[in-house]
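Visitor: Can you read through this structure? Questions will come right after.
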Amino acid sequence: MPLSNRSQRIVYKYLLLHYFEMEQILKNKRQELNKYLNKTKSDIYTYLIRRIFFFPYGEELLLKNLKKKIYFSLVEKEKEFPKSVQIKKYEYLIAMLESSKRNFDKGYISKNVANRIIETLVKYGFVNKDANEDIRKRFEKKYRLEPPSFIVLSPTQKCNLNCEGCYASSKINASSLPYKIVDKIVHEVYNEWGNRFMTISGGEPLMYYDDGKTLFNIWKKYNQMFFLFFTNGILLNKEKAKKLAELGNVTPAISLEGFEEETDERRGKGIFKKILKATDNLKEVGVPFGVSVTATSKNINILLDDKFYDFVFQKLGASYMWQFQLMPIGQAKDMKKLMITPEQRVKLYRKWEQLLKNKKYCIGDFWNSGVLSNGCIAYGRKGGYLYVDWNGNITPCVFVPYYENNIKELFSEGKKLADALFSDLFIKGREWQNKYGLNNTKKPDNWLMPCSIRDHWVNFKENILNKNSKPEDICAKEALKSKNYTETLKKFDEELSKKTLPIWEEEYLNGGKK
């Protein structure tokens, strides 16, 4: 007996509803399976890393096996990015692994710290990025935007040095954030963003003190987060080194300008020897550390010579290095004579390539290593970050001294740090990032010129800044008005484009094939 039209509609609705229910069940099962597979992959990677570090037998074979797995995952399996881009990421991770293993074998990294690094930075940062997926999904559902991967926080502008060309214009009597604000910021990014890594800058972070507390209180409270802090190193005495070793989730990046002559010239007489003492204190208790270098016209020749890097990684015992290029903002606004030239920047890029691939030195150049981060990482983009300074101003980047929101004001209004992601400045910055390559990762624009402000000043000034953008200080304000400043950066960017675009097109987009 045929069904009536009404009965047919009822059956159809039932089948349709059942179909969607089954689709949702299958979707949930696929998500559960992916979580299981990711956890399994994470366990395999962390197991191999632990075996390589802690068990001397068969480590060469295990290391070879791990490298194959990483290469397959990053280079062969990944199809969304140019192969040459992924190869650089692979070389960087291998350099990080080998630099750490080299210092672990020398006794410069303790077992306790190595274990903490594997549990925090490696397992939940590099390997199993889905470990905090539930937190990040809740964020995305609420804000319709994936949360940034980390933040840079400068809780104080205070510094016991007065270095020539300091981007932060630091001084001994300067602003600091209240501890309760610092704690609230870290609480939000840990519990509501799913971040497990944070960078602390300054000023000098070890001079931070408020309400009877220092940053050691933060590092201890959030012991499942890994912290990197930039420091001049001279306050890293034996007592502080021991406390860092006990924590195991903090690494200092100590500022150098070259050897003794170059460091003392910019930072003060006797500073280099104090840095050597600080590194001895850290090695004695097994705390891994890095070196931070600012490339200028005065030290560029040293940075183009292997001797300096051999000293840093082999003799000094650093596990990593961050390179920056002097920005003519802050105390450096009148220091254009200290800027490196476009030609020198390309030479520095070639030196980075060679050191990464051949010497396995873990070096990240904030501008020349744009391929590692898929271009500019500012403006709170996915995989990127934002910056909160000592006044509470929320800027897109440490080197972008313009803002719209202040964290103290947001908190007083019952808002969150996440609300700053939706300022016009941040939105326009992410729009530029998407156009410049993130929306076309198979053939992005020139990631050898990734910086939205340093490498594209005119576009930044005309299309990213807006009427609501406020300069962070008088130097940033003057930079907007100065014709000479604009002409200098415009010329720099045009010359750099001529030198890097052929490299980008031939070696990255065409894979080295003409």
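Following the order of the structure tokens, chains are lettered A, B, ..., residues in each are numbered from 1, and ligands are numbered from 1.
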Per residue of region 389-478 of chain A within 8 Å of region 490-499 of chain A, which atom pair is closest and at what distance in Å (one decimal), using only C-alpha atoms, listed by chain and increasing number, as a tab-separated table?

Guide:
residue	atom	partner	partner_atom	distance
A:Met449	CA	A:Ser497	CA	7.4
A:Arg454	CA	A:Asp493	CA	7.8
A:Asp455	CA	A:Asp493	CA	5.4
A:His456	CA	A:Asp493	CA	6.5
A:Trp457	CA	A:Lys490	CA	6.6
A:Val458	CA	A:Lys490	CA	6.6

Visitor: Would you please give, as a list in words, all residues of region 185-254 of chain A that DSSP assigns to helix (DSSP H, G or I) based on the backbone?

Guide: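 Taking region 185-254 of chain A and keeping helix (DSSP H, G or I) only, one gets Ile185, Val186, His187, Glu188, Val189, Tyr190, Asn191, Pro205, Leu206, Met207, Leu215, Phe216, Asn217, Ile218, Trp219, Lys220, Lys221, Lys238, Glu239, Lys240, Ala241, Lys242, Lys243, Leu244, Ala245, Glu246 and Leu247 of chain A.
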
Visitor: Could the residues in this selection be saved with N, CA and C atoms as a PDB file, in the first residue's frame?

Guide:
ATOM      1  N   ILE A 185      46.988  38.958  32.958  1.00  0.00           N
ATOM      2  CA  ILE A 185      47.333  38.753  31.549  1.00  0.00           C
ATOM      3  C   ILE A 185      47.750  37.305  31.314  1.00  0.00           C
ATOM      4  N   VAL A 186      48.682  36.823  32.141  1.00  0.00           N
ATOM      5  CA  VAL A 186      49.183  35.453  31.971  1.00  0.00           C
ATOM      6  C   VAL A 186      48.055  34.443  32.185  1.00  0.00           C
ATOM      7  N   HIS A 187      47.199  34.694  33.164  1.00  0.00           N
ATOM      8  CA  HIS A 187      46.058  33.808  33.426  1.00  0.00           C
ATOM      9  C   HIS A 187      45.168  33.705  32.195  1.00  0.00           C
ATOM     10  N   GLU A 188      44.909  34.826  31.544  1.00  0.00           N
ATOM     11  CA  GLU A 188      44.027  34.802  30.371  1.00  0.00           C
ATOM     12  C   GLU A 188      44.631  34.016  29.213  1.00  0.00           C
ATOM     13  N   VAL A 189      45.889  34.293  28.888  1.00  0.00           N
ATOM     14  CA  VAL A 189      46.463  33.625  27.714  1.00  0.00           C
ATOM     15  C   VAL A 189      46.695  32.140  27.987  1.00  0.00           C
ATOM     16  N   TYR A 190      46.895  31.771  29.242  1.00  0.00           N
ATOM     17  CA  TYR A 190      47.081  30.360  29.581  1.00  0.00           C
ATOM     18  C   TYR A 190      45.755  29.611  29.579  1.00  0.00           C
ATOM     19  N   ASN A 191      44.755  30.155  30.253  1.00  0.00           N
ATOM     20  CA  ASN A 191      43.494  29.443  30.469  1.00  0.00           C
ATOM     21  C   ASN A 191      42.450  29.678  29.384  1.00  0.00           C
ATOM     22  N   PRO A 205      63.888  42.467  32.669  1.00  0.00           N
ATOM     23  CA  PRO A 205      62.870  41.704  33.405  1.00  0.00           C
ATOM     24  C   PRO A 205      63.248  41.374  34.845  1.00  0.00           C
ATOM     25  N   LEU A 206      64.549  41.165  35.107  1.00  0.00           N
ATOM     26  CA  LEU A 206      64.965  40.798  36.457  1.00  0.00           C
ATOM     27  C   LEU A 206      64.895  41.972  37.432  1.00  0.00           C
ATOM     28  N   MET A 207      64.595  43.170  36.921  1.00  0.00           N
ATOM     29  CA  MET A 207      64.400  44.327  37.800  1.00  0.00           C
ATOM     30  C   MET A 207      62.928  44.520  38.160  1.00  0.00           C
ATOM     31  N   LEU A 215      59.054  38.303  38.822  1.00  0.00           N
ATOM     32  CA  LEU A 215      58.624  37.386  37.777  1.00  0.00           C
ATOM     33  C   LEU A 215      58.809  35.920  38.171  1.00  0.00           C
ATOM     34  N   PHE A 216      59.656  35.660  39.154  1.00  0.00           N
ATOM     35  CA  PHE A 216      59.804  34.285  39.635  1.00  0.00           C
ATOM     36  C   PHE A 216      58.476  33.753  40.180  1.00  0.00           C
ATOM     37  N   ASN A 217      57.658  34.638  40.738  1.00  0.00           N
ATOM     38  CA  ASN A 217      56.332  34.221  41.212  1.00  0.00           C
ATOM     39  C   ASN A 217      55.445  33.782  40.061  1.00  0.00           C
ATOM     40  N   ILE A 218      55.522  34.499  38.934  1.00  0.00           N
ATOM     41  CA  ILE A 218      54.750  34.134  37.740  1.00  0.00           C
ATOM     42  C   ILE A 218      55.240  32.818  37.176  1.00  0.00           C
ATOM     43  N   TRP A 219      56.541  32.676  37.057  1.00  0.00           N
ATOM     44  CA  TRP A 219      57.119  31.469  36.466  1.00  0.00           C
ATOM     45  C   TRP A 219      56.799  30.223  37.294  1.00  0.00           C
ATOM     46  N   LYS A 220      56.750  30.386  38.602  1.00  0.00           N
ATOM     47  CA  LYS A 220      56.418  29.255  39.471  1.00  0.00           C
ATOM     48  C   LYS A 220      54.934  28.937  39.412  1.00  0.00           C
ATOM     49  N   LYS A 221      54.091  29.967  39.392  1.00  0.00           N
ATOM     50  CA  LYS A 221      52.641  29.756  39.378  1.00  0.00           C
ATOM     51  C   LYS A 221      52.190  29.062  38.102  1.00  0.00           C
ATOM     52  N   LYS A 238      74.525  33.567  41.083  1.00  0.00           N
ATOM     53  CA  LYS A 238      74.370  32.145  41.383  1.00  0.00           C
ATOM     54  C   LYS A 238      73.000  31.826  41.980  1.00  0.00           C
ATOM     55  N   GLU A 239      72.511  32.710  42.824  1.00  0.00           N
ATOM     56  CA  GLU A 239      71.217  32.484  43.479  1.00  0.00           C
ATOM     57  C   GLU A 239      70.079  32.441  42.459  1.00  0.00           C
ATOM     58  N   LYS A 240      70.067  33.411  41.532  1.00  0.00           N
ATOM     59  CA  LYS A 240      69.000  33.438  40.525  1.00  0.00           C
ATOM     60  C   LYS A 240      69.137  32.259  39.563  1.00  0.00           C
ATOM     61  N   ALA A 241      70.371  31.899  39.218  1.00  0.00           N
ATOM     62  CA  ALA A 241      70.588  30.756  38.336  1.00  0.00           C
ATOM     63  C   ALA A 241      70.047  29.473  38.973  1.00  0.00           C
ATOM     64  N   LYS A 242      70.282  29.318  40.269  1.00  0.00           N
ATOM     65  CA  LYS A 242      69.782  28.136  40.981  1.00  0.00           C
ATOM     66  C   LYS A 242      68.259  28.094  40.988  1.00  0.00           C
ATOM     67  N   LYS A 243      67.625  29.247  41.189  1.00  0.00           N
ATOM     68  CA  LYS A 243      66.156  29.316  41.192  1.00  0.00           C
ATOM     69  C   LYS A 243      65.599  28.956  39.812  1.00  0.00           C
ATOM     70  N   LEU A 244      66.275  29.410  38.755  1.00  0.00           N
ATOM     71  CA  LEU A 244      65.840  29.061  37.398  1.00  0.00           C
ATOM     72  C   LEU A 244      65.976  27.569  37.151  1.00  0.00           C
ATOM     73  N   ALA A 245      67.046  26.974  37.669  1.00  0.00           N
ATOM     74  CA  ALA A 245      67.252  25.526  37.505  1.00  0.00           C
ATOM     75  C   ALA A 245      66.163  24.735  38.212  1.00  0.00           C
ATOM     76  N   GLU A 246      65.752  25.200  39.388  1.00  0.00           N
ATOM     77  CA  GLU A 246      64.695  24.518  40.140  1.00  0.00           C
ATOM     78  C   GLU A 246      63.351  24.620  39.421  1.00  0.00           C
ATOM     79  N   LEU A 247      63.099  25.755  38.791  1.00  0.00           N
ATOM     80  CA  LEU A 247      61.851  25.921  38.039  1.00  0.00           C
ATOM     81  C   LEU A 247      61.841  25.048  36.789  1.00  0.00           C
TER      82      LEU A 247
END

Visitor: Using CA of Ile363 (chain A) and CA of Phe227 (chain A) as the two end points, give the distance in Å to one decimal.

Guide: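 Going from CA of Ile363 (chain A) over to CA of Phe227 (chain A) covers 17.8 Å.
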
Visitor: I need the strand (DSSP E) residues of region 141-323 of chain A per DSSP on the backbone, written as a count of residues only.

Guide: 31

Visitor: Kindly give the distance, in Å, that separates CA of Lys273 (chain A) and CA of Glu260 (chain A), rounded to a single decimal.

Guide: 7.6 Å

Visitor: Show which residues sit within 12 Å of region 409-413 of chain A, as number ranges by chain. Count only C-alpha atoms, and ignore same-chain residues fewer than 6 positions away.

Guide: A: 180-182, 184-185, 188, 391-394, 419-421

Visitor: Write out, as a PDB file, in the first residue's frame, the residues just selected, with N, CA, C and O atoms.

Guide:
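The result, written out as part-v7.pdb:
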ATOM      1  N   LYS A 180      49.235  42.464  39.813  1.00  0.00           N
ATOM      2  CA  LYS A 180      47.916  41.874  39.580  1.00  0.00           C
ATOM      3  C   LYS A 180      47.529  41.956  38.109  1.00  0.00           C
ATOM      4  O   LYS A 180      46.811  41.072  37.604  1.00  0.00           O
ATOM      5  N   ILE A 181      48.008  42.976  37.390  1.00  0.00           N
ATOM      6  CA  ILE A 181      47.746  43.084  35.948  1.00  0.00           C
ATOM      7  C   ILE A 181      48.552  42.036  35.195  1.00  0.00           C
ATOM      8  O   ILE A 181      48.039  41.358  34.294  1.00  0.00           O
ATOM      9  N   VAL A 182      49.833  41.890  35.565  1.00  0.00           N
ATOM     10  CA  VAL A 182      50.691  40.887  34.933  1.00  0.00           C
ATOM     11  C   VAL A 182      50.094  39.497  35.112  1.00  0.00           C
ATOM     12  O   VAL A 182      49.980  38.712  34.158  1.00  0.00           O
ATOM     13  N   LYS A 184      47.005  38.682  35.721  1.00  0.00           N
ATOM     14  CA  LYS A 184      45.736  38.557  35.001  1.00  0.00           C
ATOM     15  C   LYS A 184      45.968  38.320  33.511  1.00  0.00           C
ATOM     16  O   LYS A 184      45.233  37.563  32.863  1.00  0.00           O
ATOM     17  N   ILE A 185      46.988  38.958  32.958  1.00  0.00           N
ATOM     18  CA  ILE A 185      47.333  38.753  31.549  1.00  0.00           C
ATOM     19  C   ILE A 185      47.750  37.305  31.314  1.00  0.00           C
ATOM     20  O   ILE A 185      47.268  36.636  30.395  1.00  0.00           O
ATOM     21  N   GLU A 188      44.909  34.826  31.544  1.00  0.00           N
ATOM     22  CA  GLU A 188      44.027  34.802  30.371  1.00  0.00           C
ATOM     23  C   GLU A 188      44.631  34.016  29.213  1.00  0.00           C
ATOM     24  O   GLU A 188      43.963  33.152  28.626  1.00  0.00           O
ATOM     25  N   ASN A 391      53.534  50.216  30.095  1.00  0.00           N
ATOM     26  CA  ASN A 391      52.431  51.133  30.367  1.00  0.00           C
ATOM     27  C   ASN A 391      51.075  50.463  30.195  1.00  0.00           C
ATOM     28  O   ASN A 391      50.037  51.066  30.475  1.00  0.00           O
ATOM     29  N   GLY A 392      51.090  49.243  29.695  1.00  0.00           N
ATOM     30  CA  GLY A 392      49.841  48.536  29.424  1.00  0.00           C
ATOM     31  C   GLY A 392      49.352  48.720  28.005  1.00  0.00           C
ATOM     32  O   GLY A 392      48.297  48.189  27.632  1.00  0.00           O
ATOM     33  N   ASN A 393      50.099  49.458  27.175  1.00  0.00           N
ATOM     34  CA  ASN A 393      49.706  49.649  25.788  1.00  0.00           C
ATOM     35  C   ASN A 393      49.864  48.343  25.016  1.00  0.00           C
ATOM     36  O   ASN A 393      50.862  47.641  25.165  1.00  0.00           O
ATOM     37  N   ILE A 394      48.876  48.033  24.196  1.00  0.00           N
ATOM     38  CA  ILE A 394      48.856  46.777  23.443  1.00  0.00           C
ATOM     39  C   ILE A 394      49.175  47.091  21.988  1.00  0.00           C
ATOM     40  O   ILE A 394      48.362  47.662  21.264  1.00  0.00           O
ATOM     41  N   ASP A 419      40.079  41.408  23.455  1.00  0.00           N
ATOM     42  CA  ASP A 419      39.314  42.472  22.797  1.00  0.00           C
ATOM     43  C   ASP A 419      40.205  43.389  21.973  1.00  0.00           C
ATOM     44  O   ASP A 419      39.738  44.023  21.025  1.00  0.00           O
ATOM     45  N   ALA A 420      41.486  43.466  22.321  1.00  0.00           N
ATOM     46  CA  ALA A 420      42.421  44.308  21.571  1.00  0.00           C
ATOM     47  C   ALA A 420      42.653  43.777  20.157  1.00  0.00           C
ATOM     48  O   ALA A 420      43.073  44.527  19.276  1.00  0.00           O
ATOM     49  N   LEU A 421      42.375  42.501  19.944  1.00  0.00           N
ATOM     50  CA  LEU A 421      42.570  41.905  18.618  1.00  0.00           C
ATOM     51  C   LEU A 421      41.638  42.516  17.579  1.00  0.00           C
ATOM     52  O   LEU A 421      41.862  42.350  16.372  1.00  0.00           O
TER      53      LEU A 421
END

Visitor: Please identify every residue of region 213-297 of chain A that has at least one atom no farther than 10 Å from an atom of region 146-162 of chain A, counting only C-alpha atoms, and for each give the shortest atom pair and the distance in Å to one decimal, arranged by chain then increasing number, as JSON lines.

Guide:
{"residue": "A:Leu215", "atom": "CA", "partner": "A:Pro155", "partner_atom": "CA", "distance": 8.9}
{"residue": "A:Leu228", "atom": "CA", "partner": "A:Val152", "partner_atom": "CA", "distance": 9.5}
{"residue": "A:Phe229", "atom": "CA", "partner": "A:Val152", "partner_atom": "CA", "distance": 9.3}
{"residue": "A:Phe230", "atom": "CA", "partner": "A:Ser154", "partner_atom": "CA", "distance": 9.8}
{"residue": "A:Thr231", "atom": "CA", "partner": "A:Cys159", "partner_atom": "CA", "distance": 9.5}
{"residue": "A:Asn232", "atom": "CA", "partner": "A:Leu161", "partner_atom": "CA", "distance": 8.1}
{"residue": "A:Ile234", "atom": "CA", "partner": "A:Asn160", "partner_atom": "CA", "distance": 9.0}
{"residue": "A:Leu235", "atom": "CA", "partner": "A:Asn160", "partner_atom": "CA", "distance": 9.3}
{"residue": "A:Arg266", "atom": "CA", "partner": "A:Asn162", "partner_atom": "CA", "distance": 8.7}
{"residue": "A:Arg267", "atom": "CA", "partner": "A:Leu161", "partner_atom": "CA", "distance": 6.7}
{"residue": "A:Gly268", "atom": "CA", "partner": "A:Leu161", "partner_atom": "CA", "distance": 7.6}
{"residue": "A:Ile271", "atom": "CA", "partner": "A:Leu161", "partner_atom": "CA", "distance": 9.6}

Visitor: If you count only C-alpha atoms, which residues fall within 7 Å of region 426-438 of chain A, apart from same-chain ones fewer than 4 positions away, as JSON, numbers by chain?

Guide: {"A": [376, 379, 381, 396, 421, 422, 444, 445, 464]}

Visitor: Give me the residues near Asp310 (chain A) as a list in words, where near means some atom within 12 Å (using only C-alpha atoms) and where sequence neighbours in that chain fewer than 4 positions away do not count.

Guide: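 Selected residues are Ser99, Gly258, Phe259, Ile302, Leu303, Leu304, Asp305, Asp306, Gln314, Lys315, Leu316, Gly317, Ala318, Ser319, Met321, Leu355, Lys359, Lys360, Tyr361 and Cys362 of chain A.
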
Visitor: I want to know what sits within 9 Å of region 505-512 of chain A, based on only C-alpha atoms, with residues of the same chain fewer than 6 positions away left out; could you give that as a VMD selection string?

Guide: chain A and resid 82 to 85 442 to 444 446

Visitor: Any chance you could export the current selection's N, CA, C and O atoms as an mmCIF file, in the first residue's frame?

Guide:
data_model
loop_
_atom_site.group_PDB
_atom_site.id
_atom_site.type_symbol
_atom_site.label_atom_id
_atom_site.label_comp_id
_atom_site.auth_asym_id
_atom_site.auth_seq_id
_atom_site.Cartn_x
_atom_site.Cartn_y
_atom_site.Cartn_z
ATOM 1 N N PRO A 82 55.508 26.301 -0.206
ATOM 2 C CA PRO A 82 56.615 25.913 -1.077
ATOM 3 C C PRO A 82 57.577 24.983 -0.348
ATOM 4 O O PRO A 82 57.846 25.167 0.844
ATOM 5 N N LYS A 83 58.093 24.005 -1.063
ATOM 6 C CA LYS A 83 58.954 23.001 -0.442
ATOM 7 C C LYS A 83 60.176 23.631 0.214
ATOM 8 O O LYS A 83 60.596 23.225 1.309
ATOM 9 N N SER A 84 60.763 24.644 -0.433
ATOM 10 C CA SER A 84 61.963 25.295 0.111
ATOM 11 C C SER A 84 61.673 25.988 1.437
ATOM 12 O O SER A 84 62.551 26.077 2.298
ATOM 13 N N VAL A 85 60.452 26.495 1.616
ATOM 14 C CA VAL A 85 60.051 27.099 2.884
ATOM 15 C C VAL A 85 60.044 26.035 3.983
ATOM 16 O O VAL A 85 60.557 26.244 5.088
ATOM 17 N N LYS A 442 50.706 28.781 -1.054
ATOM 18 C CA LYS A 442 51.447 28.019 -2.071
ATOM 19 C C LYS A 442 52.338 28.930 -2.907
ATOM 20 O O LYS A 442 53.348 28.492 -3.449
ATOM 21 N N LYS A 443 51.952 30.194 -2.991
ATOM 22 C CA LYS A 443 52.750 31.158 -3.750
ATOM 23 C C LYS A 443 52.661 32.531 -3.076
ATOM 24 O O LYS A 443 52.128 33.479 -3.623
ATOM 25 N N PRO A 444 53.200 32.646 -1.858
ATOM 26 C CA PRO A 444 53.090 33.907 -1.113
ATOM 27 C C PRO A 444 54.014 34.974 -1.680
ATOM 28 O O PRO A 444 54.933 34.691 -2.447
ATOM 29 N N ASN A 446 56.900 38.014 -1.047
ATOM 30 C CA ASN A 446 58.288 37.880 -0.608
ATOM 31 C C ASN A 446 58.443 37.834 0.913
ATOM 32 O O ASN A 446 58.496 38.871 1.568
#

Visitor: Please list as a PyMOL selection string every residue within 7 Å of region 86-91 of chain A, counting only C-alpha atoms and excluding residues in the same chain fewer than 2 positions away.

Guide: chain A and resi 71+74-75+81-84+93-95+356-357+372

Visitor: Taking only C-alpha atoms into account, which of A:Cys475, A:Met225, A:Leu282, A:Leu489 comes nearest Pro342 (chain A)?

Guide: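 Closest residue, counting only C-alpha atoms: A:Leu489.
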